[in-house]
Structures are given as C-alpha cells and as structure tokens.
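J.: The structure is given below, and queries will be raised subsequently.
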Amino acid sequence: MSETWIHILIIVCVLLGMVTIAAGLIYVERRMLAVWQERYGPNRVGPFGIFQVMADMVKIFFKEDWIPGFVDRKVFIVAPTIIMITTLLSFAIVPFAPGIVVANLNVGILFFLAMSSLGAYTIVLAGWASNNKYSLIGGLRGAAQMISYEVFMGLSLMGVVILAGSFNMTDIVMAQKGMWNVVPQFIGFVIFFIAGLAETHRLPFDIPEAESELIAGFHSEYSGMKFGMFFVGEYLGITLVSAMTTVLFFGGWLGPSFLPPIVWFLIKMFAFILVFVLLRASLPRPRYDQLMSWGWKILLPLALLNLLVTGAIVLYNQ
Amino acid sequence: MAKVFIDDIEYEVPDGKNMLEVCLSLGFDLTYFCWHPALHSIGACRQCGVINYKDENDKRGRITMACMLPASNGTRISIEAKAAHDFRAGNIESLMLNHPHDCPVCDEGGECHLQDMTLMSGHNYRRYRFKKRTHTNQYLGPFLNHEMNRCIQCYRCVRFYKDYAGGKDLDVFAAHDDIYFGRSEDGVLENEFSGNLVEVCPTGVFTDKTLKQHYTRKWDLTSAPSVCHGCSLGCNILASQRYGTIRRILTRYNGDVNGYFLCDRGRFGYEYTNSKKRIIKALKRVSGTYQPIENGNAFEEVKALMGEGKKVIGIGSPRASLESNFLLKELVGENNFYGGISNTEGNLIKQVIDILKKGKVKTPSLAEAKGYDAVFIVGEDVTNTAPMLALSLRQAAKNKPNEEAFAIRIPLWNDVAIREIVQERTGPFFIATVHHTKLDEISSGSFYGHPDNIARLGHAVAQKINNNLPSVPDADRESASLSSSIAEALLAAKKPLIVSGTSLFSKNVIEAAANVAYALKEQGKDVGLIYTVPEANSVGMTLLSENFVDDAIARVEKERADVLLILENDLYQRIGKKDSEAILKRCNQVVAFENLENETTNSCDYLFPAGTFAESTGTIVNNEGRAQRFYQVHIPRNEVRSSWKWLDILRQDLQTAEAKDFDAIVDELIQKNPELQKIKETAPTADFRIGTQKIPRSPHRFSGRTSMIANINVSEPKPPVDNDSPMSFTMEGYHGIQPSPDTAFYWSPAWNSVQAINKYQIEVGGPLHDGNPGKRLFEPDENRQAKYFNDIPSSFHPSNDELLVLPLYHIYGSEELTALSHAVKERIPQAYIALNENEARRKGLNAEGGKVEFYYQDKKWELSLKIDNSLPDGIAGLPKGLNETSGIGYPFRTKINS
Amino acid sequence: MLSSIRTVWLVFLHMFKKRVTIEYPEKKAYLAPRWRGRIVLTRDPDHNERCVACYLCAAVCPTDCISLQATEDENGRRKPEYFRINFSRCIFCGLCEDACPTYSIQLVPDFEMGEYKRQDLVYEKEDLLIDGQGKYHGYNFYRVAGVAVGVKGKGEGENESAPVDRKKLVP
C-alpha cells in the first residue's frame, strides 16, 4: 500500500473516529452523570442502554429543522457548521500514536490555537443571527469568554514549548520520554485545563448558554440537526481538549509496552473526558463577572509567571 | 327616629321597629329563626337573645329576645357579650339535639338558615349522646316534600300558611317536644301559596319536590333575575338552571311587587321549559312532516316569501316581550300587525289601559295593595286569575281589625299580641263574582251573578257614594241593600281598594269598577283601583297594537294573505278553534316563532324555535303598567333564542345576518314609541360594569366547570358572552354583594340561605338598595277630570233553553304554558261543566259527574257535570284553558243535553 | 478553591454508592395506603353505592373537575345519575375525599393512568365505582341519617327512638 493510501486511511479513521467518539459521548455523559448522582442513566435502549446514541440520533435527525422567520438566514445556517469544521481540523495535528497523525506540522500548537480561536465565530454569529436578545447576550458572553481565555491558554502552552523546544506535537510527545510535562509544568496544565473548559464552554463555564438565565443562549432558536451540530461540536471540543491535554502534558501515547501506544493514548484521553463530566456533575456555574475577573486577574498573571519561571529555569540549566 | 346603643355604639334608627329588625338592618349578624320580616315577631325560638341594659350604669343587664324588644329611645343592648353569645350557642345546641344527620341528602343543604345560624352562633360539636326523636313524614302533593325529623319547631310554617296565606290544612299536632307540623292526614296541601314554605322554613322540613327530581345545590345554579310569565302581575323571580335545564324558581324580592312570596303556579310551573315538546331547531314542513332546516336557508326562504309586493301579516303575542312584538310590527309594517288576542279581549285591555292612563285613581302595586283597609272585588276570581293579588288582599283584610291593636299601642311587629286581639276577624271585604271563590271565606258580603248584574251592583255602589250618578233601574231589594252596605263600608274606610279585571270579558264590569273608584276619589278617599288582565304582557302587547286577530280574520277573508307570521302564540288557546282555522287556511304560508309544539304549530310551514322566559331577554308590562326586564338564564345548546333575535335577523340583509344587541332594539323601540320611554330605565344597559366587571349569573362556588361537558370534548370551550345584559353567563364577574335589583342570587358571607336578602335591603322588609326593579309607565294625575261611565246594563234574564257559558279560572290549568309542567299537571282539575242544582234539575241532570253534551261552533263537546250552587240561574261555567276545553272562546251561548 | 476540589471528590465518591432509582415498571415503588392516587367511588357494607350525590366533592374541587347529577331510586335513596371526573384536570389534592360525608369518594394508591388521548382521562361513574368499601370499612351513611330511603325505617337507626305518635297529647 502506498503511503498516500495509508495517509488517506488515517485521515478517514481520525475523522470518523473522532465524530463517533463525540457522538458516543452523548451516552457516556448521561450515563456518568447518573452514576455520580446515584442514578442509572439511560439503560433501556439495548444492553446497558448503549443504543441510546442511536435513538438520540434518530430523534434529532427527524426533528423539524425549523428556521424562524426573523433570523438572518444565511448566517444562521452557516454558524453551527463553523464549530464542527474548526474542531475537526484541529484533530489534524494530534499525534495519536507514532505515525498516526494527519499532518505532522512543525507549528502544530499554533495551528491548534488558531483553530480554536476561529471557534469563537460560531457563537458570535449564531447569537447575532438568531435575532433574539437572549441569544445575542449569549453570543456576546461567549465571545468575551473565548477571547479572554484564548490568551492564557496560549501562554500556558508556551512552557511546554520551551521544554520541548518545538511547536511540533510529535516532538513534544517525544520530549516527555523521561518525565511527563505535567510534573514540571503543573501550573501550565491546570491553566490549560481550565482554559480548555472555558473554550469548550462546558459546565461550570457554560455561561454563553446558561439555561437558567439565557434559556440556552446562542442556540435558543436552533432545532433539529443544526442544533445537533452545536451539540456534537461541543463533544468534539471536549475530545480535542482531552486529546491535547494528553499530548501536551501526559506523554501522549507513551506508556509501558504491555499495551500498544494507541490504547495508552485513548485511555488517557477518556480519563480526561470523564473529568470533564465529573466537573459538570459537581461544580456550580460562576457568575459572568467572576469568570472574567478570574481569568484576567488570576490565571493570566499565573500563566505569565509560569512562563517566566520555566524560561528562567531552562536558561539556568543551559 | 330613636337612638339605640348596640355594644356601646350609638345608632339612629326609625321608630316602631324591634331590636332584631334594627340589628339586621344595621348589618349585624344576629341569629334568629321564628322571626320573618313578613310574619313579624312571636319570640318563640329564643334564638335572638341579647343582653339588655337598663342604662349606661347597668353592667349586668338581662337576656332579652331582640325581636320582642322595641327599639325605643335609649335602648341599650349587647350582641357580643359572652353571656348572650353562650345563650344563643346553647339554644342552638338544644335545637340540634334531635336534628338528623341529613345535610348531605337534604335539599336545603348549602342554603339552610339552620346551618348558617349554627355556624354563626358558634355551636359546633355535639355533646348529647342519647337517642334522637323521630317523626314520620306525610305526602303533601306534587309540590312539596315533607321531612319532619328536621323540624326545629319555629312555627314559621303554620304562621305563614294559616295566618298569612289563609290556608286551612296545615297545622300543629301533639305536645311539648313532640310537636308535629303537617296535615291531619296525608294529602295535597291545598293553599295556592304552599310553595313559599320552601323559603319560609329555616331548614329542610318543606323542600321543593320539583327541584328534587333534578336536584342541584344552590351554588351550582346559574340564575338570572326574571319575571314570572304565569299571570299579569309580573312577580319577580329568580330562575335557575344547571346543565341546560331549568331547575327551580325562587322568589326575587321586589319591595314594590311580590315581596318575599310567590304563588305555586309561578314557583312550580316552570317545567314546561324543559319539555320534550320544545321546538329546538328551525323546522320546515315538507310533505306533511317537519324536517330540520339550516338556519341560513330558513332565513332565505322566509325572506323570499316575504319579498316585494307580497301580502304579509303578523300576529303578536301577549306572552312575548315588548321587544319581540315590536320587531314583528317593524318587520311586517304597522298596518299589518295584529295583537294576538280576540278583539273583545283587546278592547277590554285597551279600556283598562285607558283608565290607567287617563284616570285619576292610583293603581297600587301588589305591595301597596296590602296597605288598603277595605276591599271591593268586582267580578274577578282573584285567587285563580292573579293569585298573588289574593295574598295581598288577605293582608289588606287584616288592616281594619289591626287598628284596634294599634289603638292600645301594640306595634305591628308584635304578632302574638295582635293576633290575640284580632283573632279571626277581617276588615270590610266585598266580593261580586259569578260563582263562589276562595276569598269568600274572608268576605263580609258576597254577591254571585251574571257579569251584567255584577256591573249593576258596582254602578249601584257608585251611585250611593255619589248621588249625582244615574241610579240603577229595576234594582232588586237584595242587591240594593248589599250595595248600601258596600258603599257605607267603603266610605268608612281610609283607603278603599277596588279590584276588577278582564276575566269575565265584560266591559260593563270594568266600567262599573272604575265608577266606584272615581266616586270614592271625589269623596276624597285615598282609593286604589286594580285591574287584572289575562297574561304576562297583555298590557305591553296591547300598547303596541291597533288591531287584533278578528281584524286580521276579516282582512284575510277579503283577500288571501301570502305570509302569516305568528309570534309565540297558540291561536287555538286565544281565539277558539274556528277562528284559528279560518285565519290559518286563508294564508298561503304560515311562519311561527314558538316555544312548544301546540295546535297552531301543527299547521305551520316554517317554525323557528323561540325562547321562553328562560332563554330570552325582554321587557314585559304588568297589569299596573309596570315595565320589568327579565333576563336570559342561559344560552341553550340548541337553536333556541329570543324571538326578537330571529325577527331582527329576518329584517336585515342576510349576508351580514347577526342580530343587533338588546339595547339597540330597546332604543329603536322607544324612539318609535315615546310613551314607552321608561322601559330603558327598567334595567341597566349591557355596558354596565361594577368597576370593570359584569354581574355573574353563577355564584363563586360554582363547580364542575372543567368536567360538565368533558364527556363531549375534554377541551373546554370559551365561555359564552352576553352582549344583551350587564351579566356574564358564568361565575366570572364581580364577587362582592351584587347590585340588589340585578343580582342573580342572594348570598352574603355567612348567609347562604334566602335570608341573605336582608343584606340587599336598605332595611329588612323594605326596598332594595339601588331601588326596586321595574318602572311604572303610567301614573295617575289627581287633577284630571275622570269621566264616569254611564252605560248601565240591564239585568240578565236567564233564557229557558239556552245557557250562557262563562269561563271559570283555575290557578293550575288556565294558564297555557305552566299547565304543561309535571307538578302543575297533577293539580289540574278534571274538565267539567258547572251548573247550579236548579238549572241541572231543569235539564234533567242530577248526578254530579254525569255526562253533559253541548255544542260550540257546530262541534259536539262532552263533559261531566259539576254542581256549583253559587252559580246564578242561566249560567254555566267551563274551566278555561284545560286540554279538554281548549279551542273555546268565551262567552258563548249553548243548549245542553244530558 | 479547595472546597471546589473537595466537592468534585465527594461527587466522585457517589459512584460507589447504592443507586436510588427504582427500576419501574419491573420493580414497583411502595405506595402508602393513604397515598393520593386514582379516585374511586366505593360501596357501603350492604353493597350499595355510598355516594349520595351531595355535591360537596364538586364544590370543594379546586380545579372544578368533578361534576355529577343527583337522582333518586324508587325508595327515594339519592345517588348520582352520572358522576364524572376529568382526570386531565385533577391535581390529586384529596380535598374531595376530605369533603365526602359518606366515605364514598376515596383516593387509592394507584397512579398508572397514562393515556395517549386526553379524552380518555374523562372517567364516568362506571369507571370510578369499585366493588368494595375501600379504606374505610363498616360505614353506611343511611344507617345514621334521619331519612328513610329503604335502608331502615323511621326511628330504626342506630341513634333513634321510635317515631312520635302525633295524635298523642299526654305530657
């Protein structure tokens, strides 16, 4: 088999794999939330309820895909596709195992940051196009939140880059052979994870959609498969942030050799996904101003400090 | 005015009252049973105990019955004092010892004075653990149910039935705590006012048997203020419905008309509204049978029939509202409208109206009639033609003897003392009728004769009062002496009252009565003159009519008419069979607006379902010229609607067919008939609001809204909207004390029974807040010069071979619609022909009950004989309006055979 | 901050606790005898309808979802001609049971009344009437009431003396 074919195979596998995992998370999240709330969760459709995903998909596909008359039609349709596209593109630079990576870019991290910045558009445009005050407020909050946290997400990763001396994801993984980045870069890890939560606007940081205040915020007016895209986009975001955390701080596919590298990668990634769900199950949503001041007043200085200290230590060691 | 102190607060109260009346008028909640505003005080039930203090220094006082305590200057009482409170609670506890555990199955429950008073007194827990006394019940006829166990021995029933209404067959039996209120043996309660026991009894001993057939609690009834259509007096009623059928009639208090009471025909004669014979959809006759026809098509077809150049005539109705008669007149044109009664009757009523309008004698209302102290009835069987007037006259008969009691300073409210002095005596009360009537039992002199002889007696009385009048020729000695004593008694009285009416179809009688009244007026007497007329709106319809049915017959005999419109009128009942057929046959198409199937509707081409008083809103004018509004109780779930709505749609462009609202019709009516101006003021217009709210037809406890029609459709429809009245059809609306003249129910916090009426009156037994309903159209003018009638008829001489047949009236049966009600039906007498013994023997008849044949309009009739010795020679009496005698027009002459 | 982490930890520990969910319909929850569920009309110990059509349940119903019409049998015993509850409006508050003077209307531990059409939630008397006495045994209203409607004669009730002879005047 030629290298091109292998490449295409990898692309297809990553694409389908990620979308499938994201869809599967619908089940995982509901089930795990239930487990942490002493319930059973979905357990009626198929063994252990695993076909719940199918049922949900069928339902969402058959729902009326209604576009309200007052919306900005074109933008309204385009908005939900942005999050799908940018998040899926981000997976291109994730090295799942040695050789299993779509594009081994030497500016991998920058590509990831660029893509996740573009994700902000989906919220802003959806909120604007909906022509609904709650959606607009949701969109505005989303924009502010994503742009703010974008800043120190990038800064928190710089420590990792300094340690590895490269933007290339595969290089960063290989650089962790001796010790996972989470040890020297613990603060960077914490900041990155919090920023990742905010970036994917997951609970407790689901301020743009906050049901109790904004009745689903930027996607109030969405239904059917367009809503489905927001929904899957969110789970893709979770998967991406979990994958990035694994790669950047927990040694990617590295692990004892009794399991193949890809399995190690998936185990680590799923662990983080579960942490996402656990946080949702346990933490309340902060106020919007609390979120912003936390980001700018605490996390940003902390990220800068982390960068400074890391840089100083690296310089000292040289 | 007297100053009294109640719980140390000073009040100014009118003189001559007792403290119970005063407390209730001032709005205090004081418990009572035996006292009734119309029956006054006897101090029997001991329930209105209060503390009476000698003066402001008296701190102890003594328990006194408020109803027996005169409200004189300086009277000082306490209602709230603990001793008084405990006394009343203890008293109720004793009364409740034997009261059965019946409330859930008792028809009084929810509107029970005993329940209200028990709660009000504070007694709430039964301590007595021994056995309850029981009684057996009696069958009391089709109107009333008897449940003697519930009795609390207040004596109200016998006091009303015997003392007030003159009944003979209800009494008290046994002794001490065993006393029993009932008849000596089972049987129908005979008095015409027995139905009032339902309201008079403070608990459930006497309950409405017709309500029992389709029982509904008071709070579930949707009611409307209405006016009884049973006779010409226009008593006020509250008609109530549930699930689309009328359930009962209650008295609606009108201080000017019927006060607290109602006759049994009015109370129990409502069931025809629920009859299976009701016409409930528009019908068209197709090859001999009636087929339902779509409303729109019916309109179009009838409209086409009435098109350009067609000869259309309309016949109005004395039982339809002014508005309906008016719109029929508008629809067919003034010259084509005929009042729906015979010319004889029409002219009589015109004459009565003329006397009311142009005479100078006041026509008192029913309530005012109670205040007169001498009565002369000229040719009217009042008990049967206008029952409530008979009740008023019975009260009037007490006035003269009562004066003896007043002379020794016994106040009117002290009923025991008055009765002690007066005993059974009655005041001057003279009756001249065709035969023995029920009021004869209180009369001081009765005269039986032919209507002309009655008129001659009247003229003779008038002549003895005013010597300038021509004397009656050939007067016999007996009637001369009677006329002298009548004239003497009337002249001796302060307020003489003359009562007459149209029931004998005699112009002479009416004129004679007017002459007596005019003569008395000239003597400076405060005289009253009451005429009764045949039907609920006889006066109103006649005011709108120039011509009557006989004119219509003459017209169609000359020239066939294309279309005949008949408004709520069974011609056979009013003008006889022959005339009815004559007119029906000479019209190509007959269109009727009718409530029930009857003989006339059998020969119609189109039938429109017209509402009875229950389904329509309108104004009717009673015998004294009082216009009163009656309101639709509900919108039936069929096509029945007010006749004026059908007529209004018919006269409009059918493309936009929607009836105008009621107020617009009234405006049009008074614009065309300025003399009826006041009917606009009889009731508030439909835009009347209390704040922003309408007056609800149902009380706020109304139940079952989301369930009553859930079997048809579980989604509740929008409640119907009433554009014709200030009322809503549901419980939605104002929830405080409603405006008294227009309230659909009497209720006030803690007062669930009919006694809540106290809260709607300015003072108990007095006029309502915001005025009594109704407006009189004509008032007498003292300065007018009334013209005497000088047309004295000659004496009646019986002929040997022919008899004059006159109508005899029956409270149950002589009225067309109420006679169709189940309960009333049971009381309708067997049809008969009445003769005196003399006359019967002469015709070879002797056995009462034997068959008698006679001819009327070439048809043979057969009825059984009834001997009535009070009937004069040469006169036979036939019960009017019974099934067997329907289609007969009175009076007529006939030969009879055995 | 620490408390947030502690929260996360405590929530995580719930993973090892026993589930609270009862797996309905395979397993049924325990319903107390006085649980306010489906409404029934009961019969008295003589197996006659207890309902005397007094309208109190309808009057007290806050959603006005009970309607009935009283009628009488040949003995004058009162009973409902029809008795309808619109369960699509019922809030199972139990006030009707409180108001009932004859123990007729009772709420029973059953709630499985789901329907696909609201119309099917309208219950008539035939649907409501059960064969037994329900929660309250032994009570027959007509034995203690004063009326004689074929259950007992006048004066034969539990707390009654024989009817008075009304022709008697002896003190």
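How things are named: the first chain in the structure tokens is A, the next is B, and so on; residues count from 1 in each chain; ligands count from 1 in the order shown.
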Among region 448-492 of chain B, which ones does DSSP assign to alpha helix (DSSP H) (computed from the backbone)? Answer as a ChimeraX atom specification.
T.: /B:451-465,477-492
J.: At a cut-off of 8 Å, list the chain B residues touching chain C, using only C-alpha atoms, as a PyMOL selection string.
T.: chain B and resi 100-102+104-105+130-136+147+149+173-176+178-180+212-217+219+701-708+710-711+713-714
J.: Deliver the residues from the most recent selection as a file, using C-alpha atoms, as a PDB file, in the first residue's frame.
T.:
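Listing of selection_29.pdb after writing:
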```pdb
ATOM      1  CA  PRO B 100     -80.938  14.382  61.985  1.00  0.00           C
ATOM      2  CA  HIS B 101     -77.622  13.749  60.294  1.00  0.00           C
ATOM      3  CA  ASP B 102     -79.194  14.583  56.944  1.00  0.00           C
ATOM      4  CA  PRO B 104     -75.715  15.578  52.588  1.00  0.00           C
ATOM      5  CA  VAL B 105     -79.075  14.294  51.382  1.00  0.00           C
ATOM      6  CA  PHE B 130     -78.746   9.925  73.642  1.00  0.00           C
ATOM      7  CA  LYS B 131     -81.321   8.994  71.043  1.00  0.00           C
ATOM      8  CA  LYS B 132     -82.866  11.349  68.542  1.00  0.00           C
ATOM      9  CA  ARG B 133     -86.594  11.869  68.365  1.00  0.00           C
ATOM     10  CA  THR B 134     -88.083  10.857  65.014  1.00  0.00           C
ATOM     11  CA  HIS B 135     -91.258  11.605  63.103  1.00  0.00           C
ATOM     12  CA  THR B 136     -92.990  10.006  60.169  1.00  0.00           C
ATOM     13  CA  GLU B 147     -89.197  15.570  56.179  1.00  0.00           C
ATOM     14  CA  ASN B 149     -87.343  14.951  61.506  1.00  0.00           C
ATOM     15  CA  PHE B 173    -100.159  18.492  66.319  1.00  0.00           C
ATOM     16  CA  ALA B 174     -99.081  16.772  69.532  1.00  0.00           C
ATOM     17  CA  ALA B 175     -97.479  18.469  72.507  1.00  0.00           C
ATOM     18  CA  HIS B 176     -94.193  19.562  74.141  1.00  0.00           C
ATOM     19  CA  ASP B 178     -93.139  16.045  70.109  1.00  0.00           C
ATOM     20  CA  ILE B 179     -94.946  18.767  68.179  1.00  0.00           C
ATOM     21  CA  TYR B 180     -95.594  17.985  64.589  1.00  0.00           C
ATOM     22  CA  LYS B 212     -85.843  17.057  43.937  1.00  0.00           C
ATOM     23  CA  GLN B 213     -86.481  15.464  40.531  1.00  0.00           C
ATOM     24  CA  HIS B 214     -83.312  17.087  39.195  1.00  0.00           C
ATOM     25  CA  TYR B 215     -81.583  18.194  42.342  1.00  0.00           C
ATOM     26  CA  THR B 216     -78.807  20.747  42.232  1.00  0.00           C
ATOM     27  CA  ARG B 217     -77.231  22.690  45.059  1.00  0.00           C
ATOM     28  CA  TRP B 219     -74.045  27.125  44.499  1.00  0.00           C
ATOM     29  CA  ARG B 701     -68.604  28.437  44.417  1.00  0.00           C
ATOM     30  CA  PHE B 702     -69.949  27.149  41.115  1.00  0.00           C
ATOM     31  CA  SER B 703     -68.497  23.693  40.493  1.00  0.00           C
ATOM     32  CA  GLY B 704     -67.796  21.305  37.664  1.00  0.00           C
ATOM     33  CA  ARG B 705     -66.656  23.821  35.039  1.00  0.00           C
ATOM     34  CA  THR B 706     -63.900  21.615  33.697  1.00  0.00           C
ATOM     35  CA  SER B 707     -65.942  18.452  33.824  1.00  0.00           C
ATOM     36  CA  MET B 708     -69.570  19.077  32.988  1.00  0.00           C
ATOM     37  CA  ALA B 710     -65.869  16.819  29.316  1.00  0.00           C
ATOM     38  CA  ASN B 711     -67.732  13.749  28.072  1.00  0.00           C
ATOM     39  CA  ASN B 713     -64.985  17.251  24.500  1.00  0.00           C
ATOM     40  CA  VAL B 714     -62.274  17.367  27.094  1.00  0.00           C
TER      41      VAL B 714
END
```
J.: Using only C-alpha atoms, find the residues of chain A whose closest atom to chain C is at most 6 Å away, then write them as a list of chain:residue names.
T.: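 Listing them in order of chain and number gives A:Val35, A:Trp36, A:Glu38, A:Arg39, A:Ser282.
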J.: For region 65-70 of chain A, work out the shell of residues within 10 Å, counting only C-alpha atoms and skipping chain neighbours fewer than 6 positions away, then give it as a list of chain:residue names.
T.: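 The residues satisfying every condition are A:Phe76, A:Ile77, A:Ala129, A:Ser130, A:Asn131, A:Asn132, A:Glu221, A:Tyr222, A:Ser223, A:Gly224, A:Met225, A:Lys226, A:Phe227.
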J.: Write the residues of the preceding selection, restricted to C-alpha atoms, as a compact mmCIF listing (two decimals), in the first residue's frame.
T.:
```txt
# COMPACT_ATOMS: atom_id res chain seq x y z
CA PHE A 76 -27.97 31.33 10.88
CA ILE A 77 -27.28 28.29 8.70
CA ALA A 129 -28.17 35.71 13.51
CA SER A 130 -30.83 34.45 15.89
CA ASN A 131 -32.16 37.97 16.26
CA ASN A 132 -33.15 37.25 19.82
CA GLU A 221 -33.54 29.39 18.18
CA TYR A 222 -31.86 26.27 16.82
CA SER A 223 -33.54 22.98 16.39
CA GLY A 224 -33.11 19.70 14.55
CA MET A 225 -29.74 18.86 13.07
CA LYS A 226 -28.43 22.42 13.28
CA PHE A 227 -28.79 22.19 17.00
```
J.: Go through chain C and collect every residue that DSSP, computed from the backbone, puts in strand (DSSP E); the answer should be as a ChimeraX atom specification.
T.: /C:39-41,66-72,78-86,105-107,122-123,160-163
J.: Could you write those residues out with N, CA and C atoms, as a CSV table (one decimal), in the first residue's frame?
T.:
```
chain,number,residue,atom,x,y,z
C,39,ILE,N,-58.9,8.2,41.9
C,39,ILE,CA,-60.1,8.4,42.7
C,39,ILE,C,-61.1,7.3,42.4
C,40,VAL,N,-61.7,6.7,43.4
C,40,VAL,CA,-62.7,5.7,43.2
C,40,VAL,C,-64.0,6.0,44.0
C,41,LEU,N,-65.1,5.5,43.6
C,41,LEU,CA,-66.3,5.5,44.4
C,41,LEU,C,-66.5,4.2,45.0
C,66,ILE,N,-64.9,17.8,39.0
C,66,ILE,CA,-65.9,16.8,39.3
C,66,ILE,C,-67.2,17.4,38.9
C,67,SER,N,-68.0,16.6,38.2
C,67,SER,CA,-69.4,17.0,38.0
C,67,SER,C,-70.3,15.8,38.1
C,68,LEU,N,-71.5,16.1,38.6
C,68,LEU,CA,-72.4,15.0,38.8
C,68,LEU,C,-73.9,15.5,38.7
C,69,GLN,N,-74.8,14.6,38.6
C,69,GLN,CA,-76.2,14.9,38.7
C,69,GLN,C,-76.9,14.0,39.7
C,70,ALA,N,-77.6,14.5,40.6
C,70,ALA,CA,-78.3,13.7,41.6
C,70,ALA,C,-79.5,13.1,41.0
C,71,THR,N,-79.9,11.9,41.4
C,71,THR,CA,-81.2,11.3,41.1
C,71,THR,C,-81.6,10.4,42.2
C,72,GLU,N,-82.8,9.9,42.2
C,72,GLU,CA,-83.3,9.1,43.3
C,72,GLU,C,-83.8,7.7,42.8
C,78,ARG,N,-80.9,8.7,47.4
C,78,ARG,CA,-80.3,9.6,46.5
C,78,ARG,C,-78.9,9.0,46.0
C,79,LYS,N,-78.7,9.1,44.7
C,79,LYS,CA,-77.4,8.6,44.2
C,79,LYS,C,-77.1,9.4,42.9
C,80,PRO,N,-75.9,9.3,42.4
C,80,PRO,CA,-75.6,10.1,41.3
C,80,PRO,C,-76.1,9.5,40.0
C,81,GLU,N,-76.7,10.3,39.2
C,81,GLU,CA,-77.2,9.8,37.9
C,81,GLU,C,-76.0,9.6,37.0
C,82,TYR,N,-75.1,10.6,37.0
C,82,TYR,CA,-73.8,10.4,36.4
C,82,TYR,C,-72.8,11.0,37.3
C,83,PHE,N,-71.6,10.6,37.3
C,83,PHE,CA,-70.6,11.1,38.1
C,83,PHE,C,-69.3,11.1,37.3
C,84,ARG,N,-68.8,12.3,37.0
C,84,ARG,CA,-67.7,12.4,36.1
C,84,ARG,C,-66.5,13.1,36.7
C,85,ILE,N,-65.3,12.5,36.5
C,85,ILE,CA,-64.1,13.2,36.9
C,85,ILE,C,-63.2,13.4,35.7
C,86,ASN,N,-62.8,14.6,35.5
C,86,ASN,CA,-61.9,14.9,34.3
C,86,ASN,C,-60.5,14.8,34.9
C,105,ILE,N,-66.2,8.8,48.1
C,105,ILE,CA,-65.1,9.1,47.2
C,105,ILE,C,-63.8,8.9,48.0
C,106,GLN,N,-62.9,8.1,47.4
C,106,GLN,CA,-61.6,7.8,48.1
C,106,GLN,C,-60.5,7.9,47.1
C,107,LEU,N,-59.3,8.3,47.5
C,107,LEU,CA,-58.1,8.3,46.7
C,107,LEU,C,-57.3,7.0,47.0
C,122,VAL,N,-61.2,11.2,30.9
C,122,VAL,CA,-62.5,11.5,31.5
C,122,VAL,C,-63.2,10.3,32.0
C,123,TYR,N,-63.3,10.1,33.3
C,123,TYR,CA,-63.9,8.9,33.9
C,123,TYR,C,-65.3,9.1,34.3
C,160,GLU,N,-81.7,6.4,67.1
C,160,GLU,CA,-83.0,7.0,67.0
C,160,GLU,C,-84.0,6.3,67.9
C,161,SER,N,-85.0,7.1,68.4
C,161,SER,CA,-86.1,6.5,69.2
C,161,SER,C,-87.2,6.3,68.2
C,162,ALA,N,-88.2,5.5,68.6
C,162,ALA,CA,-89.3,5.2,67.7
C,162,ALA,C,-90.1,6.5,67.3
C,163,PRO,N,-90.7,6.6,66.1
C,163,PRO,CA,-91.4,7.8,65.7
C,163,PRO,C,-92.5,8.2,66.7
```
J.: Residues near Glu334 (chain B), anyone? I mean within 10 Å using only C-alpha atoms, not counting same-chain ones fewer than 4 positions away, as a list of chain:residue names.
T.: B:Ile313, B:Gly314, B:Phe326, B:Leu328, B:Lys329, B:Glu330, B:Tyr338, B:Leu544, B:Ser545, B:Glu546, B:Asn547
J.: Extract, using only C-alpha atoms, all DNA, RNA and protein residues at most 8 Å from Arg156 (chain B), discarding same-chain residues fewer than 5 positions from it, and format them as a CSV table (one decimal) with C-alpha atoms, in the first residue's frame.
T.:
```csv
chain,number,residue,atom,x,y,z
B,34,CYS,CA,-89.1,32.3,64.2
B,35,TRP,CA,-89.0,36.0,63.1
B,36,HIS,CA,-89.6,36.7,59.5
B,39,LEU,CA,-94.5,37.4,59.6
B,200,VAL,CA,-90.1,30.2,54.9
B,201,CYS,CA,-88.9,27.0,56.6
```
J.: Considering only C-alpha atoms, return as a short mmCIF file (atom, residue, chain, number, x, y, z; two decimals) with N, CA and C atoms, in the first residue's frame whatever protein or nucleic-acid residues lie within 8 Å of Val75 (chain A), sequence-local ones (same chain, fewer than 3 positions apart) excluded.
T.:
```
data_model
loop_
_atom_site.label_atom_id
_atom_site.label_comp_id
_atom_site.auth_asym_id
_atom_site.auth_seq_id
_atom_site.Cartn_x
_atom_site.Cartn_y
_atom_site.Cartn_z
N ASP A 72 -31.42 36.00 10.61
CA ASP A 72 -30.58 36.30 9.44
C ASP A 72 -30.21 34.94 8.82
N VAL A 78 -24.96 29.01 8.51
CA VAL A 78 -23.52 28.80 8.48
C VAL A 78 -22.95 28.59 9.90
N ALA A 79 -23.50 29.36 10.87
CA ALA A 79 -22.89 29.39 12.21
C ALA A 79 -22.60 28.01 12.80
N LEU A 125 -21.69 34.45 15.73
CA LEU A 125 -22.59 34.51 14.58
C LEU A 125 -23.96 33.92 14.90
N ALA A 126 -23.96 32.76 15.63
CA ALA A 126 -25.24 32.17 15.97
C ALA A 126 -26.05 33.13 16.83
N ALA A 129 -27.22 36.05 14.55
CA ALA A 129 -28.17 35.71 13.51
C ALA A 129 -29.53 35.34 14.07
#
```
J.: I'd like the interatomic distance between CA of Ala552 (chain B) and CA of Gln628 (chain B), to a tenth of an Å.
T.: 29.3 Å
J.: Can you tell me which residues surround region 165-175 of chain A at a distance of at most 8 Å, considering only C-alpha atoms, apart from same-chain residues fewer than 6 positions away, and format the answer as a ChimeraX atom specification?
T.: /A:93-95,98,104-110,247-248,251-254
J.: Could the residues in this selection be saved with C-alpha atoms as a PDB file, in the first residue's frame?
T.:
```
ATOM      1  CA  ILE A  93      -2.222  17.865  14.282  1.00  0.00           C
ATOM      2  CA  VAL A  94      -2.958  15.429  17.097  1.00  0.00           C
ATOM      3  CA  PRO A  95      -0.491  12.516  17.150  1.00  0.00           C
ATOM      4  CA  PRO A  98       3.769   7.003  16.384  1.00  0.00           C
ATOM      5  CA  ASN A 104       2.790  16.436  11.429  1.00  0.00           C
ATOM      6  CA  LEU A 105       3.089  20.226  11.270  1.00  0.00           C
ATOM      7  CA  ASN A 106       6.034  21.929  12.802  1.00  0.00           C
ATOM      8  CA  VAL A 107       3.699  24.682  14.035  1.00  0.00           C
ATOM      9  CA  GLY A 108       1.176  22.211  15.445  1.00  0.00           C
ATOM     10  CA  ILE A 109       0.327  24.135  18.599  1.00  0.00           C
ATOM     11  CA  LEU A 110      -0.136  27.379  16.727  1.00  0.00           C
ATOM     12  CA  VAL A 247      -0.393  15.002  24.225  1.00  0.00           C
ATOM     13  CA  LEU A 248       0.964  18.119  25.852  1.00  0.00           C
ATOM     14  CA  GLY A 251       3.050  11.964  27.384  1.00  0.00           C
ATOM     15  CA  GLY A 252       0.632  11.203  24.562  1.00  0.00           C
ATOM     16  CA  TRP A 253       0.891   7.560  23.545  1.00  0.00           C
ATOM     17  CA  LEU A 254       3.823   6.867  25.876  1.00  0.00           C
TER      18      LEU A 254
END
```
J.: CA of Ser643 (chain B) and CA of Asp562 (chain B), how far apart in Å?
T.: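 Separating CA of Asp562 (chain B) from CA of Ser643 (chain B) is a distance of 21.3 Å.
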J.: Just give me the gap between CA of Arg287 (chain A) and CA of Phe192 (chain A) in Å, one decimal is fine.
T.: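 Computing it gives 20.5 Å between the two atoms.
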